[in-house]
Amino acid sequence: MTIVRPAHEGAAQRLAALAEDALGGPLPMRLRAWDGSEAGPSDAPVVVVRSRRALRRLLWQPGELGLAQAYVTGELDVEGDLADGLRRMWGAARERGVHAPRLTAADRARAAAAALRLGVVGPPPPAPASQARLHGGLHSRARDRAAISHHYDLSNEFYRLVLDETMAYSCGYWTSDEPGFTPADAQRAKLELICRKLGLVPGARLLDIGCGWGSLTLYAAEQHKTQVTAVTLAGEQATYVREQVRERGLEHRVDVVCQDYRDIDGGAYDAVATVEMGEHVGDAEYPAFAAALRRLVRPQGRVLVQQMSRGTSAPGGGAFIEAFIAPDMHMRPLGQTVGMLEDAGLEVRSAESLREHYVRTVEAWHRTLEDRWDDVVRLVGEETARVWRLYLVGGALAFEERRMGVDQILAVRPTAHGRSGLPATPRPWYTGPVEP
């Protein structure tokens, strides 16, 4: 589409020309600049550049991180439905083959001159307050604790606003399309499925690594009479789970430990679960994590890993997620994780994709965030609320478009003679409704 520019160009027209040169194709969105000028197709989502500072961020942080910084600070916005806007922009970019060509020296000179005319040249703006600031060696104990605290210690009150009554911050299992089937029902169905896959019986010993706000721990203890050791690095989570244990009278069944998984002593657990915690372990550290899972479970004991993955050509995470949500996160294709678990001596018996289930789960969290927007802003401020809006909208689209996935991997530690102790078929996991 050709953009017809007026004789006296405003900021939007100049920005559109720069963007088209950089992207090597027409804009898939409409631009509205701080001076009121507009450019781009009239039937497309409107990106509102409210401040020159948004462009200055892009000068210093080109790409996803600069755009995210400008969005969370409110210097840049998308008019209307953010999810629809992102979907249409990414779809148009794919369909039109928009790409970033190599810029010549002349191209860079023109861009610099245009930036001067727009008045956006200057020192780098400070990073938003909501952006993570970590120090120390990658995946050292202190840095891992800080990374987990950045996200999960936002406050229990915040997560109560966004999550459902189960306080499960992981993919649900949507076993029904009936209108009365709620996000909490999907979470309880997921918890029941995990317990069935692990073969939990009264008195069995379960180790819940990365227990979150205790949804699996509490469910297994209450519904399956299991003895649970719950481990988390987040102090806010540990406090919440201990309160729930006392309120429910489960002190005789549940022990809550706030520590690094590398410091877990003992072993011979009947089952080990780690639900969406493995993404935080790190790439180089994952073989040792897999070895710890094997060490901690008894022969014929089962290990369930629910973990996010990425497509073979997809980045997984990305600059925004790593800067604002989950610092130092690492996702890999499912097959690589399966290989590491088997290299550690575990036998993988099942891998079940829940990718579409995560689309519905994240969309439910996003609806709740929007419904309670004023309460969320009062609690954590508008910048953090905007971080979460972008995170949830972008996350749902990543699962929808198969750039990210999530899988339940069931493994067993066989005996020295190769006996697994598992039933011949997975029928017991799915016999009857997977719900409490």
# chains A, B, ... in the order shown; residues from 1 in each chain; ligands from 1
>>> closest_atom_pairs(of="segment 386-420 of chain A", to="segment 285-300 of chain A", cutoff="10 Å", atoms="only C-alpha atoms", output="CSV")
residue,atom,partner,partner_atom,distance
A:Ala411,CA,A:Arg294,CA,9.4
A:Val412,CA,A:Gln300,CA,6.0
A:Arg413,CA,A:Pro299,CA,5.2
A:Pro414,CA,A:Gln300,CA,5.2
A:Thr415,CA,A:Pro299,CA,5.2
A:Ala416,CA,A:Pro299,CA,8.3
A:Gly418,CA,A:Gln300,CA,9.2
A:Arg419,CA,A:Gln300,CA,7.0
A:Ser420,CA,A:Gln300,CA,5.0
>>> write_last_selection(atoms="N, CA and C atoms", output="PDB file, in the first residue's frame")
ATOM      1  N   ALA A 411       7.942 -39.239  33.682  1.00  0.00           N
ATOM      2  CA  ALA A 411       9.099 -40.129  33.629  1.00  0.00           C
ATOM      3  C   ALA A 411       9.101 -41.015  34.867  1.00  0.00           C
ATOM      4  N   VAL A 412       9.872 -42.073  34.803  1.00  0.00           N
ATOM      5  CA  VAL A 412       9.992 -42.993  35.926  1.00  0.00           C
ATOM      6  C   VAL A 412      11.464 -43.333  36.114  1.00  0.00           C
ATOM      7  N   ARG A 413      11.837 -43.646  37.344  1.00  0.00           N
ATOM      8  CA  ARG A 413      13.187 -44.155  37.606  1.00  0.00           C
ATOM      9  C   ARG A 413      13.092 -45.676  37.645  1.00  0.00           C
ATOM     10  N   PRO A 414      13.537 -46.349  36.594  1.00  0.00           N
ATOM     11  CA  PRO A 414      13.408 -47.816  36.581  1.00  0.00           C
ATOM     12  C   PRO A 414      14.340 -48.461  37.601  1.00  0.00           C
ATOM     13  N   THR A 415      14.036 -49.696  37.963  1.00  0.00           N
ATOM     14  CA  THR A 415      14.944 -50.449  38.825  1.00  0.00           C
ATOM     15  C   THR A 415      16.169 -50.861  38.017  1.00  0.00           C
ATOM     16  N   ALA A 416      17.139 -51.461  38.700  1.00  0.00           N
ATOM     17  CA  ALA A 416      18.339 -51.924  38.007  1.00  0.00           C
ATOM     18  C   ALA A 416      18.009 -52.973  36.958  1.00  0.00           C
ATOM     19  N   GLY A 418      15.223 -52.802  35.143  1.00  0.00           N
ATOM     20  CA  GLY A 418      14.392 -52.194  34.129  1.00  0.00           C
ATOM     21  C   GLY A 418      12.914 -52.159  34.426  1.00  0.00           C
ATOM     22  N   ARG A 419      12.519 -52.503  35.642  1.00  0.00           N
ATOM     23  CA  ARG A 419      11.086 -52.496  35.962  1.00  0.00           C
ATOM     24  C   ARG A 419      10.633 -51.071  36.278  1.00  0.00           C
ATOM     25  N   SER A 420       9.517 -50.664  35.672  1.00  0.00           N
ATOM     26  CA  SER A 420       9.026 -49.304  35.866  1.00  0.00           C
ATOM     27  C   SER A 420       7.931 -49.216  36.918  1.00  0.00           C
TER      28      SER A 420
END
>>> select_by_dssp(residues="segment 229-392 of chain A", states="helix (DSSP H, G or I)", output="ChimeraX atom specification")
/A:235-247,261-263,278-280,286-296,319-325,334-343,355-371,373-380,382-392
>>> residues_around(residues="Met167 of chain A", least_positions_apart="6", cutoff="10 Å", atoms="only C-alpha atoms", output="list in words")
Asn156, Tyr159, Arg160, Leu161, Ala184, Gln187, Gly212, Trp213, Gly214, Ser215 and Leu216 of chain A
>>> write_last_selection(atoms="N, CA, C and O atoms", output="PDB file, in the first residue's frame")
ATOM      1  N   ASN A 156       1.352 -11.295  47.355  1.00  0.00           N
ATOM      2  CA  ASN A 156       0.277 -12.286  47.311  1.00  0.00           C
ATOM      3  C   ASN A 156      -1.050 -11.629  46.961  1.00  0.00           C
ATOM      4  O   ASN A 156      -1.902 -12.232  46.301  1.00  0.00           O
ATOM      5  N   TYR A 159      -1.460 -11.431  43.152  1.00  0.00           N
ATOM      6  CA  TYR A 159      -1.795 -12.699  42.508  1.00  0.00           C
ATOM      7  C   TYR A 159      -3.203 -13.157  42.877  1.00  0.00           C
ATOM      8  O   TYR A 159      -3.866 -13.826  42.080  1.00  0.00           O
ATOM      9  N   ARG A 160      -3.683 -12.779  44.044  1.00  0.00           N
ATOM     10  CA  ARG A 160      -5.080 -13.077  44.376  1.00  0.00           C
ATOM     11  C   ARG A 160      -6.030 -12.344  43.436  1.00  0.00           C
ATOM     12  O   ARG A 160      -7.104 -12.847  43.108  1.00  0.00           O
ATOM     13  N   LEU A 161      -5.642 -11.146  42.997  1.00  0.00           N
ATOM     14  CA  LEU A 161      -6.485 -10.392  42.075  1.00  0.00           C
ATOM     15  C   LEU A 161      -6.517 -11.023  40.683  1.00  0.00           C
ATOM     16  O   LEU A 161      -7.555 -11.025  40.020  1.00  0.00           O
ATOM     17  N   ALA A 184     -11.006 -22.033  37.540  1.00  0.00           N
ATOM     18  CA  ALA A 184     -10.677 -22.829  38.725  1.00  0.00           C
ATOM     19  C   ALA A 184     -10.947 -24.306  38.476  1.00  0.00           C
ATOM     20  O   ALA A 184     -10.194 -25.178  38.942  1.00  0.00           O
ATOM     21  N   GLN A 187      -8.076 -25.664  36.560  1.00  0.00           N
ATOM     22  CA  GLN A 187      -6.898 -25.877  37.392  1.00  0.00           C
ATOM     23  C   GLN A 187      -7.048 -27.149  38.241  1.00  0.00           C
ATOM     24  O   GLN A 187      -6.108 -27.941  38.373  1.00  0.00           O
ATOM     25  N   GLY A 212       5.028 -22.898  44.032  1.00  0.00           N
ATOM     26  CA  GLY A 212       4.150 -21.750  43.814  1.00  0.00           C
ATOM     27  C   GLY A 212       3.354 -21.428  45.070  1.00  0.00           C
ATOM     28  O   GLY A 212       3.885 -21.443  46.189  1.00  0.00           O
ATOM     29  N   TRP A 213       2.073 -21.153  44.874  1.00  0.00           N
ATOM     30  CA  TRP A 213       1.195 -20.852  46.015  1.00  0.00           C
ATOM     31  C   TRP A 213       0.507 -22.109  46.536  1.00  0.00           C
ATOM     32  O   TRP A 213      -0.506 -22.039  47.206  1.00  0.00           O
ATOM     33  N   GLY A 214       1.113 -23.252  46.229  1.00  0.00           N
ATOM     34  CA  GLY A 214       0.713 -24.483  46.889  1.00  0.00           C
ATOM     35  C   GLY A 214      -0.479 -25.207  46.315  1.00  0.00           C
ATOM     36  O   GLY A 214      -1.036 -26.088  46.979  1.00  0.00           O
ATOM     37  N   SER A 215      -0.885 -24.894  45.088  1.00  0.00           N
ATOM     38  CA  SER A 215      -2.093 -25.526  44.560  1.00  0.00           C
ATOM     39  C   SER A 215      -1.959 -27.046  44.501  1.00  0.00           C
ATOM     40  O   SER A 215      -2.856 -27.776  44.953  1.00  0.00           O
ATOM     41  N   LEU A 216      -0.851 -27.560  43.966  1.00  0.00           N
ATOM     42  CA  LEU A 216      -0.658 -29.010  43.899  1.00  0.00           C
ATOM     43  C   LEU A 216      -0.417 -29.591  45.286  1.00  0.00           C
ATOM     44  O   LEU A 216      -0.978 -30.639  45.645  1.00  0.00           O
TER      45      LEU A 216
END
>>> closest_residue(among="A:Gly40, A:Gly432, A:Gly405, A:Gly381", to="Leu15 of chain A", atoms="only C-alpha atoms")
A:Gly40
>>> atom_distance(atom1="atom CA of Arg262 of chain A", atom2="atom CA of Val338 of chain A")
20.5 Å
>>> residues_around(residues="Gly119 of chain A", least_positions_apart="2", cutoff="10 Å", atoms="only C-alpha atoms", output="list in words")
Ala11, Arg52, Arg53, Leu55, Arg56, Ala113, Ala114, Ala115, Leu116, Arg117, Val121 and Gly122 of chain A
>>> select_by_dssp(residues="segment 323-396 of chain A", states="strand (DSSP E)", output="list in words")
Glu347, Val348, Arg349, Ser350, Ala351, Glu352 and Ser353 of chain A
>>> residues_around(residues="Arg196 of chain A", least_positions_apart="5", cutoff="9 Å", atoms="only C-alpha atoms", output="PDB file with N, CA and C atoms, in the first residue's frame")
ATOM      1  N   LEU A 191      -4.685 -30.473  38.315  1.00  0.00           N
ATOM      2  CA  LEU A 191      -4.093 -31.039  39.523  1.00  0.00           C
ATOM      3  C   LEU A 191      -4.461 -32.506  39.684  1.00  0.00           C
ATOM      4  N   PRO A 428      -5.807 -45.520  33.386  1.00  0.00           N
ATOM      5  CA  PRO A 428      -6.192 -45.020  34.722  1.00  0.00           C
ATOM      6  C   PRO A 428      -6.110 -43.498  34.862  1.00  0.00           C
ATOM      7  N   TRP A 429      -5.305 -42.838  34.044  1.00  0.00           N
ATOM      8  CA  TRP A 429      -5.191 -41.389  34.151  1.00  0.00           C
ATOM      9  C   TRP A 429      -6.456 -40.696  33.655  1.00  0.00           C
ATOM     10  N   TYR A 430      -7.123 -41.325  32.714  1.00  0.00           N
ATOM     11  CA  TYR A 430      -8.243 -40.660  32.034  1.00  0.00           C
ATOM     12  C   TYR A 430      -9.594 -41.361  32.238  1.00  0.00           C
ATOM     13  N   VAL A 434     -11.592 -36.122  34.529  1.00  0.00           N
ATOM     14  CA  VAL A 434     -10.357 -35.729  35.210  1.00  0.00           C
ATOM     15  C   VAL A 434     -10.667 -34.499  36.041  1.00  0.00           C
TER      16      VAL A 434
END
>>> residues_around(residues="Pro426 of chain A", least_positions_apart="5", cutoff="10 Å", atoms="only C-alpha atoms", output="short mmCIF file (atom, residue, chain, number, x, y, z; two decimals) with N, CA and C atoms, in the first residue's frame")
data_model
loop_
_atom_site.label_atom_id
_atom_site.label_comp_id
_atom_site.auth_asym_id
_atom_site.auth_seq_id
_atom_site.Cartn_x
_atom_site.Cartn_y
_atom_site.Cartn_z
N ARG A 196 -2.99 -38.33 39.27
CA ARG A 196 -3.21 -39.64 38.67
C ARG A 196 -1.96 -40.13 37.95
N LYS A 197 -1.33 -39.24 37.20
CA LYS A 197 -0.12 -39.65 36.49
C LYS A 197 0.98 -40.06 37.46
N ARG A 349 7.92 -41.76 29.81
CA ARG A 349 6.84 -42.65 29.41
C ARG A 349 5.68 -41.93 28.72
N SER A 350 5.62 -40.62 28.89
CA SER A 350 4.51 -39.88 28.30
C SER A 350 4.90 -38.42 28.17
N THR A 431 -9.63 -42.43 33.04
CA THR A 431 -10.89 -43.13 33.29
C THR A 431 -11.80 -42.24 34.13
#
>>> closest_residue(among="A:Glu363, A:Asp153, A:Glu64, A:Asp43", to="Gly85 of chain A", atoms="only C-alpha atoms")
A:Asp43
>>> closest_residue(among="A:Ile209, A:Ala54, A:Ala142, A:Cys171", to="Asp407 of chain A", atoms="only C-alpha atoms")
A:Cys171
>>> atom_distance(atom1="atom CA of Asp21 of chain A", atom2="atom CA of Leu58 of chain A")
15.3 Å
>>> atom_distance(atom1="atom CA of Phe399 of chain A", atom2="atom CA of Tyr169 of chain A")
15.8 Å
>>> residues_around(residues="segment 224-229 of chain A", least_positions_apart="3", cutoff="7 Å", atoms="only C-alpha atoms", output="VMD selection string")
chain A and resid 200 to 208 217 220 to 221 253 to 256
>>> closest_residue(among="A:Ile194, A:Cys211, A:Val305, A:Ala70", to="Ala168 of chain A", atoms="only C-alpha atoms")
A:Cys211
>>> closest_residue(among="A:Ala39, A:Trp365, A:Trp388, A:Arg403", to="Pro183 of chain A", atoms="only C-alpha atoms")
A:Trp365
